[in-house]
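Asks: Below is the file start_25.cif, which contains mmCIF, C-alpha atoms.
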data_target
loop_
_atom_site.label_atom_id
_atom_site.label_comp_id
_atom_site.auth_asym_id
_atom_site.auth_seq_id
_atom_site.Cartn_x
_atom_site.Cartn_y
_atom_site.Cartn_z
CA MET A 124 -11.22 4.87 -1.02
CA LEU A 125 -12.78 5.02 -4.43
CA GLY A 126 -16.08 4.55 -6.20
CA GLU A 127 -19.16 4.80 -4.00
CA HIS A 128 -16.94 4.82 -0.89
CA ALA A 129 -14.89 7.87 -1.86
CA ARG A 130 -16.88 10.40 0.22
CA PRO A 131 -17.93 8.85 3.52
CA GLN A 132 -19.70 10.87 6.20
CA VAL A 133 -17.29 12.06 8.88
CA PRO A 134 -18.62 12.94 12.36
CA MET A 135 -17.10 16.42 12.47
CA ASP A 136 -18.80 17.14 15.83
CA LYS A 137 -16.51 14.51 17.38
CA VAL A 138 -13.47 15.80 15.48
CA ILE A 139 -14.04 19.25 17.00
CA ALA A 140 -15.13 18.19 20.49
CA PHE A 141 -12.23 15.78 21.01
CA GLU A 142 -9.70 17.66 18.84
CA LEU A 143 -9.19 14.63 16.62
CA GLU A 144 -6.83 14.75 13.70
CA ILE A 145 -7.62 13.11 10.39
CA LEU A 146 -4.53 12.28 8.38
CA GLY A 147 -4.00 10.66 5.00
CA SER A 148 -1.13 8.49 3.86
CA HIS A 149 -0.28 8.22 0.18
CA GLY A 150 2.66 5.84 0.13
CA MET A 151 6.15 7.03 1.02
CA GLN A 152 8.99 8.96 -0.53
CA ALA A 153 11.87 6.87 -1.90
CA TYR A 154 14.36 8.61 0.42
CA ARG A 155 12.31 7.58 3.48
CA TYR A 156 12.53 3.88 2.59
CA SER A 157 15.94 3.60 4.27
CA ALA A 158 14.50 3.69 7.82
CA MET A 159 12.02 0.96 6.93
CA MET A 160 14.65 -1.09 5.07
CA GLU A 161 16.98 -0.97 8.08
CA MET A 162 14.15 -2.19 10.34
CA ILE A 163 13.58 -5.04 7.88
CA ARG A 164 17.29 -5.82 7.57
CA THR A 165 17.66 -6.05 11.36
CA GLY A 166 14.57 -8.23 11.73
CA LYS A 167 12.34 -5.72 13.55
CA LEU A 168 9.90 -5.79 10.64
CA LYS A 169 9.21 -8.99 8.70
CA PRO A 170 7.17 -8.10 5.59
CA GLU A 171 7.92 -11.55 4.15
CA LEU A 172 5.32 -12.92 6.62
CA LEU A 173 2.67 -10.89 4.80
CA VAL A 174 3.34 -12.36 1.36
CA GLY A 175 0.41 -14.60 0.51
CA LYS A 176 -0.20 -16.66 -2.61
CA ARG A 177 2.28 -16.55 -5.50
CA ILE A 178 0.81 -16.79 -8.96
CA SER A 179 1.82 -16.52 -12.63
CA LEU A 180 1.08 -13.64 -15.02
CA GLU A 181 -1.33 -16.02 -16.83
CA ASP A 182 -3.38 -16.22 -13.63
CA ALA A 183 -3.30 -12.45 -13.01
CA PRO A 184 -6.44 -11.48 -15.03
CA ALA A 185 -8.65 -13.84 -13.00
CA ALA A 186 -6.99 -12.78 -9.74
CA LEU A 187 -7.47 -9.10 -10.61
CA MET A 188 -11.16 -9.54 -11.33
CA ALA A 189 -11.61 -11.35 -8.00
CA MET A 190 -10.05 -8.51 -5.95
CA GLY A 191 -13.44 -6.87 -5.44
CA GLY A 192 -14.20 -9.49 -2.79
CA PHE A 193 -12.24 -10.03 0.38
CA GLU A 194 -8.87 -11.59 -0.25
CA GLY A 195 -7.18 -14.38 1.65
CA ILE A 196 -4.54 -13.66 4.27
CA GLY A 197 -1.59 -11.60 3.07
CA ILE A 198 -0.55 -9.97 -0.17
CA GLY A 199 -0.82 -11.99 -3.39
CA VAL A 200 2.17 -11.58 -5.70
CA VAL A 201 2.81 -12.44 -9.35
CA THR A 202 6.25 -14.07 -9.44
CA ARG A 203 6.21 -16.03 -12.72
CA PHE A 204 6.15 -14.18 -16.03
CA GLN A 205 6.92 -16.86 -18.62
CA MET B 247 6.66 -8.49 -24.05
CA LYS B 248 3.74 -10.25 -22.40
CA ALA B 249 1.36 -8.06 -20.43
CA VAL B 250 -2.07 -8.15 -18.81
CA VAL B 251 -4.18 -5.73 -20.87
CA PHE B 252 -7.74 -4.51 -20.51
CA GLU B 253 -9.46 -2.75 -23.39
CA LYS B 254 -12.63 -1.71 -21.56
CA PHE B 255 -13.36 -1.02 -17.89
CA GLY B 256 -14.95 -3.99 -16.18
CA GLU B 257 -14.32 -6.40 -19.07
CA ALA B 258 -12.00 -9.37 -18.66
CA PRO B 259 -8.30 -8.49 -19.14
CA THR B 260 -6.25 -10.75 -21.42
CA ILE B 261 -2.59 -11.66 -21.81
CA GLN B 262 -1.30 -9.86 -24.90
CA THR B 263 2.02 -9.34 -26.62
CA VAL B 264 2.72 -5.58 -26.67
CA PRO B 265 5.80 -3.46 -27.54
CA ASP B 266 8.56 -3.38 -24.91
CA PRO B 267 8.83 -0.03 -23.08
CA LYS B 268 11.80 2.25 -23.81
CA PRO B 269 13.43 4.31 -21.05
CA ALA B 270 12.63 8.04 -20.81
CA ALA B 271 15.72 10.31 -20.80
CA ASP B 272 15.54 10.42 -16.98
CA GLY B 273 13.90 7.02 -16.61
CA VAL B 274 14.66 3.31 -16.57
CA VAL B 275 13.10 0.11 -17.81
CA ILE B 276 12.77 -2.56 -15.15
CA LYS B 277 12.42 -6.29 -15.80
CA VAL B 278 9.60 -7.13 -13.41
CA GLU B 279 10.45 -10.04 -11.12
CA ALA B 280 7.46 -9.67 -8.80
CA THR B 281 4.32 -7.53 -8.74
CA GLY B 282 1.68 -7.37 -6.02
CA LEU B 283 -2.07 -7.82 -6.40
CA CYS B 284 -3.80 -4.84 -4.80
CA ARG B 285 -7.41 -3.78 -4.56
CA SER B 286 -6.39 -0.44 -6.11
CA ASP B 287 -5.75 -2.38 -9.34
CA TRP B 288 -9.30 -3.72 -9.14
CA HIS B 289 -10.65 -0.17 -8.70
CA GLY B 290 -8.64 0.90 -11.74
CA TRP B 291 -10.02 -1.95 -13.80
CA MET B 292 -13.56 -1.09 -12.71
CA GLY B 293 -13.11 2.50 -13.92
CA HIS B 294 -13.16 4.11 -10.47
CA ASP B 295 -9.84 5.88 -10.98
CA GLU B 296 -9.73 9.02 -13.12
CA GLY B 297 -6.78 9.30 -15.42
CA ILE B 298 -6.55 5.76 -16.79
CA THR B 299 -6.59 5.69 -20.58
CA LEU B 300 -7.42 2.53 -22.54
CA PRO B 301 -6.06 0.08 -23.43
CA HIS B 302 -4.31 -0.27 -20.09
CA VAL B 303 -1.83 -2.47 -18.22
CA PRO B 304 -2.40 -2.47 -14.42
CA GLY B 305 0.14 -3.13 -11.64
CA HIS B 306 1.88 -0.70 -9.26
CA GLU B 307 3.59 -2.78 -6.55
CA LEU B 308 6.73 -3.97 -8.23
CA ALA B 309 10.28 -5.12 -7.80
CA GLY B 310 12.78 -6.14 -10.42
CA VAL B 311 16.07 -5.49 -12.16
CA VAL B 312 17.03 -2.42 -14.17
CA VAL B 313 17.68 -3.42 -17.79
CA ALA B 314 18.04 0.00 -19.44
CA ALA B 315 18.59 3.57 -18.24
CA GLY B 316 18.10 6.91 -20.04
CA LYS B 317 20.98 9.32 -20.68
CA GLN B 318 20.19 11.61 -17.76
CA VAL B 319 20.09 8.82 -15.17
CA SER B 320 23.20 8.94 -13.01
CA ARG B 321 22.44 6.72 -9.99
CA TRP B 322 21.19 3.53 -11.66
CA LYS B 323 22.46 1.05 -14.21
CA ALA B 324 21.52 -2.28 -15.73
CA GLY B 325 21.60 -5.06 -13.18
CA ASP B 326 20.52 -3.00 -10.15
CA ARG B 327 17.82 -4.68 -8.02
CA VAL B 328 15.16 -2.08 -7.25
CA THR B 329 11.66 -1.20 -6.20
CA VAL B 330 9.75 2.07 -6.46
CA PRO B 331 6.97 3.85 -4.52
CA PHE B 332 3.64 3.73 -6.35
CA ALA B 333 3.54 7.55 -6.41
CA VAL B 334 6.49 8.55 -8.58
CA GLY B 335 7.51 12.16 -7.89
CA CYS B 336 8.73 14.57 -10.56
CA GLY B 337 11.51 15.80 -8.27
CA ARG B 338 10.96 19.44 -9.30
CA CYS B 339 7.62 20.74 -8.00
CA PHE B 340 6.89 22.47 -4.67
CA GLU B 341 5.88 19.21 -2.96
CA CYS B 342 8.95 17.32 -4.15
CA ASN B 343 11.24 20.20 -3.17
CA SER B 344 9.69 20.13 0.30
CA GLY B 345 10.41 16.41 0.53
CA ASN B 346 6.87 15.22 -0.12
CA HIS B 347 7.25 13.21 -3.29
CA GLN B 348 4.33 10.97 -2.26
CA VAL B 349 1.96 13.87 -3.02
CA CYS B 350 3.87 15.28 -6.02
CA GLU B 351 1.79 17.72 -8.07
CA HIS B 352 2.88 16.00 -11.28
CA GLN B 353 3.18 12.45 -9.98
CA SER B 354 2.98 9.45 -12.23
CA GLN B 355 1.74 6.10 -11.02
CA PRO B 356 2.64 2.90 -12.84
CA GLY B 357 -0.56 1.00 -13.54
CA PHE B 358 -2.69 4.17 -13.31
CA THR B 359 -1.31 7.21 -15.15
CA GLY B 360 0.69 4.89 -17.40
CA TRP B 361 1.19 1.20 -18.10
CA GLY B 362 2.09 -0.80 -15.02
CA SER B 363 3.88 -3.90 -13.87
CA PHE B 364 1.50 -6.74 -14.77
CA ALA B 365 3.98 -7.25 -17.55
CA GLU B 366 7.48 -8.52 -18.21
CA TYR B 367 8.87 -4.96 -18.30
CA VAL B 368 7.80 -1.56 -16.97
CA GLY B 369 9.13 1.95 -17.61
CA ILE B 370 9.66 4.28 -14.62
CA GLU B 371 10.46 7.97 -15.12
CA HIS B 372 12.49 10.26 -12.83
CA ALA B 373 14.57 7.26 -11.77
CA ASP B 374 17.21 9.12 -9.75
CA THR B 375 14.49 10.57 -7.50
CA ASN B 376 12.33 7.49 -7.09
CA LEU B 377 14.15 4.17 -7.32
CA VAL B 378 15.02 2.32 -4.12
CA ARG B 379 17.85 -0.22 -3.97
CA LEU B 380 16.90 -3.61 -2.53
CA PRO B 381 19.01 -5.19 0.21
CA ASP B 382 20.82 -8.21 -1.31
CA GLU B 383 19.03 -10.62 1.00
CA MET B 384 15.52 -9.36 0.19
CA GLU B 385 13.41 -11.53 -2.07
CA PHE B 386 11.66 -9.84 -5.01
CA ALA B 387 8.23 -11.03 -3.80
CA THR B 388 8.79 -9.34 -0.42
CA ALA B 389 10.08 -6.17 -2.08
CA ALA B 390 7.04 -6.00 -4.37
CA SER B 391 4.73 -6.24 -1.36
CA LEU B 392 6.27 -3.06 0.09
CA GLY B 393 5.44 -0.70 -2.80
CA CYS B 394 1.92 0.28 -1.90
CA ARG B 395 0.50 -1.24 1.25
CA PHE B 396 3.54 -1.62 3.52
CA VAL B 397 4.98 1.84 2.83
CA THR B 398 1.54 3.44 3.08
CA SER B 399 1.19 1.89 6.53
CA PHE B 400 4.76 2.81 7.53
CA ARG B 401 4.08 6.44 6.70
CA ALA B 402 0.65 6.32 8.36
CA ILE B 403 2.01 4.89 11.62
CA VAL B 404 5.48 6.45 11.82
CA ASP B 405 5.44 9.78 9.96
CA GLN B 406 1.77 10.79 10.00
CA GLY B 407 0.41 9.10 13.13
CA ARG B 408 3.69 9.64 15.04
CA VAL B 409 2.95 6.61 17.19
CA THR B 410 5.00 6.38 20.38
CA PRO B 411 5.70 3.42 22.70
CA GLY B 412 2.81 2.45 24.96
CA GLU B 413 0.12 4.16 22.90
CA TRP B 414 -2.96 2.22 21.82
CA VAL B 415 -3.51 1.85 18.11
CA ALA B 416 -6.77 0.44 16.71
CA VAL B 417 -6.45 -0.97 13.20
CA HIS B 418 -9.74 -1.44 11.37
CA GLY B 419 -9.38 -4.13 8.71
CA CYS B 420 -6.74 -6.86 8.44
CA GLY B 421 -6.00 -6.91 4.72
CA GLY B 422 -2.58 -5.94 3.36
CA VAL B 423 -2.64 -2.38 4.75
CA GLY B 424 -4.02 -3.45 8.12
CA LEU B 425 -1.62 -6.33 8.73
CA SER B 426 1.30 -4.11 7.70
CA ALA B 427 0.13 -1.42 10.13
CA ILE B 428 -0.20 -3.96 12.97
CA MET B 429 3.35 -5.20 12.41
CA ILE B 430 4.82 -1.69 12.15
CA ALA B 431 2.92 -0.19 15.11
CA SER B 432 3.92 -3.18 17.27
CA ALA B 433 7.56 -2.73 16.27
CA MET B 434 7.26 0.93 17.32
CA GLY B 435 6.23 -0.20 20.80
CA ALA B 436 2.52 0.56 20.51
CA ASN B 437 -0.27 -1.70 21.80
CA VAL B 438 -2.33 -2.75 18.82
CA ILE B 439 -5.98 -3.81 18.62
CA ALA B 440 -6.83 -5.64 15.40
CA ILE B 441 -10.42 -5.38 14.16
CA ASP B 442 -11.80 -7.54 11.35
CA LEU B 443 -14.78 -9.68 10.40
CA THR B 444 -13.00 -13.05 10.36
CA ASP B 445 -11.35 -14.95 13.22
CA GLU B 446 -8.78 -16.38 10.81
CA LYS B 447 -7.36 -12.94 10.03
CA LEU B 448 -7.52 -11.91 13.69
CA GLU B 449 -5.52 -14.98 14.72
CA PHE B 450 -2.88 -14.03 12.16
CA ALA B 451 -2.94 -10.44 13.42
CA LYS B 452 -2.05 -11.74 16.90
CA LYS B 453 0.88 -13.69 15.49
CA ILE B 454 2.40 -10.55 14.02
CA GLY B 455 1.93 -8.36 17.09
CA ALA B 456 -1.66 -7.46 17.93
CA VAL B 457 -2.26 -7.64 21.71
CA ALA B 458 -6.05 -7.65 21.41
CA THR B 459 -8.60 -8.43 18.70
CA ILE B 460 -12.23 -7.55 18.01
CA ASN B 461 -14.38 -9.53 15.61
CA ALA B 462 -16.72 -6.81 14.32
CA SER B 463 -19.17 -9.39 12.94
CA THR B 464 -19.93 -10.71 16.44
CA THR B 465 -19.30 -7.55 18.51
CA PRO B 466 -22.39 -5.33 18.62
CA ASN B 467 -20.54 -2.15 19.57
CA VAL B 468 -16.95 -1.95 18.32
CA VAL B 469 -16.42 1.56 19.70
CA LYS B 470 -17.40 0.40 23.20
CA ALA B 471 -15.12 -2.63 22.92
CA VAL B 472 -12.15 -0.46 21.95
CA LYS B 473 -12.82 1.90 24.86
CA GLN B 474 -12.99 -1.03 27.29
CA ILE B 475 -9.74 -2.58 26.09
CA THR B 476 -7.88 0.75 26.12
CA ASN B 477 -9.41 2.19 29.28
CA GLY B 478 -10.88 5.15 27.46
CA GLY B 479 -9.92 5.18 23.82
CA ALA B 480 -7.15 4.53 21.34
CA HIS B 481 -4.52 7.22 20.72
CA MET B 482 -4.62 6.44 17.05
CA SER B 483 -7.14 4.65 14.94
CA MET B 484 -6.39 3.57 11.43
CA ASP B 485 -8.88 2.85 8.70
CA ALA B 486 -7.24 0.05 6.75
CA LEU B 487 -10.41 -0.91 4.93
CA GLY B 488 -11.76 2.26 3.36
CA HIS B 489 -15.45 1.77 4.00
CA PRO B 490 -17.95 4.35 5.29
CA THR B 491 -18.67 2.12 8.32
CA THR B 492 -15.07 2.20 9.48
CA VAL B 493 -14.99 5.98 9.20
CA SER B 494 -18.06 6.45 11.36
CA THR B 495 -17.08 3.82 13.95
CA ARG B 496 -13.44 4.81 13.93
CA SER B 497 -13.28 8.44 14.91
CA PRO B 498 -15.06 8.22 18.27
CA THR B 499 -12.73 5.37 19.35
CA CYS B 500 -9.93 7.89 19.68
CA ALA B 501 -9.01 9.39 23.03
CA GLY B 502 -8.99 13.17 23.29
CA ALA B 503 -5.46 13.78 22.11
CA GLY B 504 -5.54 11.20 19.39
CA ALA B 505 -4.63 11.15 15.79
CA THR B 506 -6.81 9.44 13.31
CA SER B 507 -4.90 8.18 10.38
CA ARG B 508 -6.40 6.72 7.31
CA SER B 509 -4.87 5.33 4.20
CA ASP B 510 -5.85 4.56 0.63
#
Take the structure from the file and write it as structure tokens.
Replies:
Amino acid sequence: MLGEHARPQVPMDKVIAFELEILGSHGMQAYRYSAMMEMIRTGKLKPELLVGKRISLEDAPAALMAMGGFEGIGIGVVTRFQ
Amino acid sequence: MKAVVFEKFGEAPTIQTVPDPKPAADGVVIKVEATGLCRSDWHGWMGHDEGITLPHVPGHELAGVVVAAGKQVSRWKAGDRVTVPFAVGCGRCFECNSGNHQVCEHQSQPGFTGWGSFAEYVGIEHADTNLVRLPDEMEFATAASLGCRFVTSFRAIVDQGRVTPGEWVAVHGCGGVGLSAIMIASAMGANVIAIDLTDEKLEFAKKIGAVATINASTTPNVVKAVKQITNGGAHMSMDALGHPTTVSTRSPTCAGAGATSRSD
């Protein structure tokens, strides 16, 4: 959450009254990848289903500038660099 | 090498030829085979992220092959297929020593604190601490998609949210983070409600594990809808959008003993 959305209002009355927990997640340590990789290797997780459009580096500037809007389904990936 | 470079925030990036990176003593240079497009890169380009110096090369979700390693690197060599978390830990500070490299006090982030992976090559420091070997059968494009959104969701659901089988998880937003969270929470045995503004994304969310969906553009009271579906409230609610509306509608959807996890 960045820019004008970085500091949203949080209903702290509800956090207290219902003993809610607010937790962040900032990626994951390299050593913790093994659990996830084993779930992928055994087919319990299928991240390949989330890969969306594949584009070239030449197309990356336009794609980057368009990321402010809502993207299509899945994660766009640059896969061609020549 | 070729790289996507922007000289000013908010002005169109261009493809430029720039010097190839050299490995730090404890770092590697990776030939980028795939790099993900993430909204965080857009925020960086817009100037929302402190710490970017110009000119800049974005890109932080990457996978590729090690082509050069510094003298101090002992675990990696040319030819290794790797990826790396977007938060690169120093391996020496209090947080790293306590196992929390993702919040390292001296972290570097390719594409933010330094030049990133929208390029043919990228340098990554502290390689022994941060590189992850790819399974042989994993495609580079899949591996690149893990680096930011999928691992952020894995940590949110598994390590931070501590989701257990049978719990209800409400995921607000079905972009890369949200869809990853739906897949991971479902694999953990949770019952997942997907919430988004488009039916197309909600249909896809069902295919990857969501047991219920809410279209927030046609549902007047999302909180009420979540409470009805879950018979009282979700155990965990995840903001996978990062908008003030999802914060204010999210928290009250939790049942009493819930955890609210948010990412990004």
Asks: Please enumerate the residues selected by the PyMOL selection byres ((chain A and resi 154) around 12) when evaluated against the supplied file, formatted as a PDB file with C-alpha atoms, keeping the file's coordinate frame.
Replies:
ATOM      1  CA  MET A 151       6.150   7.030   1.020  1.00  0.00           C
ATOM      2  CA  GLN A 152       8.990   8.960  -0.530  1.00  0.00           C
ATOM      3  CA  ALA A 153      11.870   6.870  -1.900  1.00  0.00           C
ATOM      4  CA  ARG A 155      12.310   7.580   3.480  1.00  0.00           C
ATOM      5  CA  TYR A 156      12.530   3.880   2.590  1.00  0.00           C
ATOM      6  CA  SER A 157      15.940   3.600   4.270  1.00  0.00           C
ATOM      7  CA  ALA A 158      14.500   3.690   7.820  1.00  0.00           C
ATOM      8  CA  MET A 159      12.020   0.960   6.930  1.00  0.00           C
ATOM      9  CA  MET A 160      14.650  -1.090   5.070  1.00  0.00           C
TER      10      MET A 160
ATOM     11  CA  VAL B 330       9.750   2.070  -6.460  1.00  0.00           C
ATOM     12  CA  PRO B 331       6.970   3.850  -4.520  1.00  0.00           C
ATOM     13  CA  VAL B 334       6.490   8.550  -8.580  1.00  0.00           C
ATOM     14  CA  GLY B 335       7.510  12.160  -7.890  1.00  0.00           C
ATOM     15  CA  GLY B 337      11.510  15.800  -8.270  1.00  0.00           C
ATOM     16  CA  CYS B 342       8.950  17.320  -4.150  1.00  0.00           C
ATOM     17  CA  GLY B 345      10.410  16.410   0.530  1.00  0.00           C
ATOM     18  CA  ASN B 346       6.870  15.220  -0.120  1.00  0.00           C
ATOM     19  CA  HIS B 347       7.250  13.210  -3.290  1.00  0.00           C
ATOM     20  CA  GLN B 348       4.330  10.970  -2.260  1.00  0.00           C
ATOM     21  CA  ASP B 374      17.210   9.120  -9.750  1.00  0.00           C
ATOM     22  CA  THR B 375      14.490  10.570  -7.500  1.00  0.00           C
ATOM     23  CA  ASN B 376      12.330   7.490  -7.090  1.00  0.00           C
ATOM     24  CA  LEU B 377      14.150   4.170  -7.320  1.00  0.00           C
ATOM     25  CA  VAL B 378      15.020   2.320  -4.120  1.00  0.00           C
ATOM     26  CA  ARG B 379      17.850  -0.220  -3.970  1.00  0.00           C
ATOM     27  CA  VAL B 397       4.980   1.840   2.830  1.00  0.00           C
TER      28      VAL B 397
END
Asks: Taking the file as shown, find all residues satisfying the PyMOL selection byres ((chain A and resi 163) around 12) and write them as an MDAnalysis selection string.
Replies: (chainID A and resid 156:162 164:172) or (chainID B and resid 380:381 383:385 388:389 392 396 400 429:430 433)
Asks: Between CA of Val200 in chain A and CA of Asp485 in chain B, what is the spacing in Å?
Replies: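 For CA of Asp485 in chain B relative to CA of Val200 in chain A, the distance reads 23.2 Å.
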Asks: Tell me the residues of chain A close to chain B, meaning within 6 Å using only C-alpha atoms, as a list of chain:residue names.
Replies: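 Every residue meeting the condition is included here: A:Met124, A:Gly126, A:His128, A:Pro131, A:Phe141, A:Leu143, A:Glu144, A:Ile145, A:Leu146, A:Gly147, A:Ser148, A:His149, A:Gly150, A:Met151, A:Gln152, A:Ala153, A:Glu171, A:Pro184, A:Leu187, A:Met190, A:Gly197, A:Ile198, A:Gly199, A:Val200, A:Val201, A:Thr202.
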Asks: Rounded to one decimal, what separation in Å do you get between CA of Val275 in chain B and CA of Leu173 in chain A?
Replies: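 Computing the Euclidean distance for CA of Val275 in chain B and CA of Leu173 in chain A yields 27.2 Å.
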Asks: Selected by the PyMOL selection byres ((chain B and resi 436-441) around 6) in the shown coordinates: which residues, as a PyMOL selection string?
Replies: chain B and resi 411-419+431-432+434-435+442+456-461
Asks: What is the distance between CA of Asp326 in chain B and CA of Gly310 in chain B, in Å to one decimal?
Replies: 8.4 Å
Asks: Using all atoms listed in the file, pick whichever of B:Leu448, B:Ile428, B:Cys339, B:Val312 has the shortest atom-to-atom distance to Pro269 in chain B.
Replies: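 Selected residue with least distance to Pro269 in chain B: B:Val312.
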Asks: Where atoms are absent from range 406-417 of chain B, fill them in so it carries N, CA and C atoms, then output it as a PDB file, keeping the file's coordinate frame.
Replies:
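Generated file (out_17.pdb):
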ATOM      1  N   GLN B 406       3.022  10.035   9.845  1.00  0.00           N
ATOM      2  CA  GLN B 406       1.770  10.790  10.000  1.00  0.00           C
ATOM      3  C   GLN B 406       1.173  10.607  11.389  1.00  0.00           C
ATOM      4  N   GLY B 407       1.015   9.371  11.830  1.00  0.00           N
ATOM      5  CA  GLY B 407       0.410   9.100  13.130  1.00  0.00           C
ATOM      6  C   GLY B 407       1.347   9.384  14.295  1.00  0.00           C
ATOM      7  N   ARG B 408       2.674   9.378  14.013  1.00  0.00           N
ATOM      8  CA  ARG B 408       3.690   9.640  15.040  1.00  0.00           C
ATOM      9  C   ARG B 408       3.436   8.824  16.298  1.00  0.00           C
ATOM     10  N   VAL B 409       3.243   7.530  16.089  1.00  0.00           N
ATOM     11  CA  VAL B 409       2.950   6.610  17.190  1.00  0.00           C
ATOM     12  C   VAL B 409       4.163   6.494  18.107  1.00  0.00           C
ATOM     13  N   THR B 410       3.905   6.516  19.413  1.00  0.00           N
ATOM     14  CA  THR B 410       5.000   6.380  20.380  1.00  0.00           C
ATOM     15  C   THR B 410       4.766   5.154  21.261  1.00  0.00           C
ATOM     16  N   PRO B 411       5.825   4.638  21.904  1.00  0.00           N
ATOM     17  CA  PRO B 411       5.700   3.420  22.700  1.00  0.00           C
ATOM     18  C   PRO B 411       4.615   3.546  23.771  1.00  0.00           C
ATOM     19  N   GLY B 412       3.840   2.476  23.927  1.00  0.00           N
ATOM     20  CA  GLY B 412       2.810   2.450  24.960  1.00  0.00           C
ATOM     21  C   GLY B 412       1.460   2.969  24.508  1.00  0.00           C
ATOM     22  N   GLU B 413       1.410   3.657  23.384  1.00  0.00           N
ATOM     23  CA  GLU B 413       0.120   4.160  22.900  1.00  0.00           C
ATOM     24  C   GLU B 413      -0.728   2.999  22.365  1.00  0.00           C
ATOM     25  N   TRP B 414      -2.035   3.201  22.397  1.00  0.00           N
ATOM     26  CA  TRP B 414      -2.960   2.220  21.820  1.00  0.00           C
ATOM     27  C   TRP B 414      -3.276   2.614  20.380  1.00  0.00           C
ATOM     28  N   VAL B 415      -3.183   1.637  19.511  1.00  0.00           N
ATOM     29  CA  VAL B 415      -3.510   1.850  18.110  1.00  0.00           C
ATOM     30  C   VAL B 415      -4.574   0.837  17.705  1.00  0.00           C
ATOM     31  N   ALA B 416      -5.705   1.319  17.197  1.00  0.00           N
ATOM     32  CA  ALA B 416      -6.770   0.440  16.710  1.00  0.00           C
ATOM     33  C   ALA B 416      -6.691   0.383  15.191  1.00  0.00           C
ATOM     34  N   VAL B 417      -6.540  -0.812  14.647  1.00  0.00           N
ATOM     35  CA  VAL B 417      -6.450  -0.970  13.200  1.00  0.00           C
ATOM     36  C   VAL B 417      -7.710  -1.662  12.693  1.00  0.00           C
TER      37      VAL B 417
END
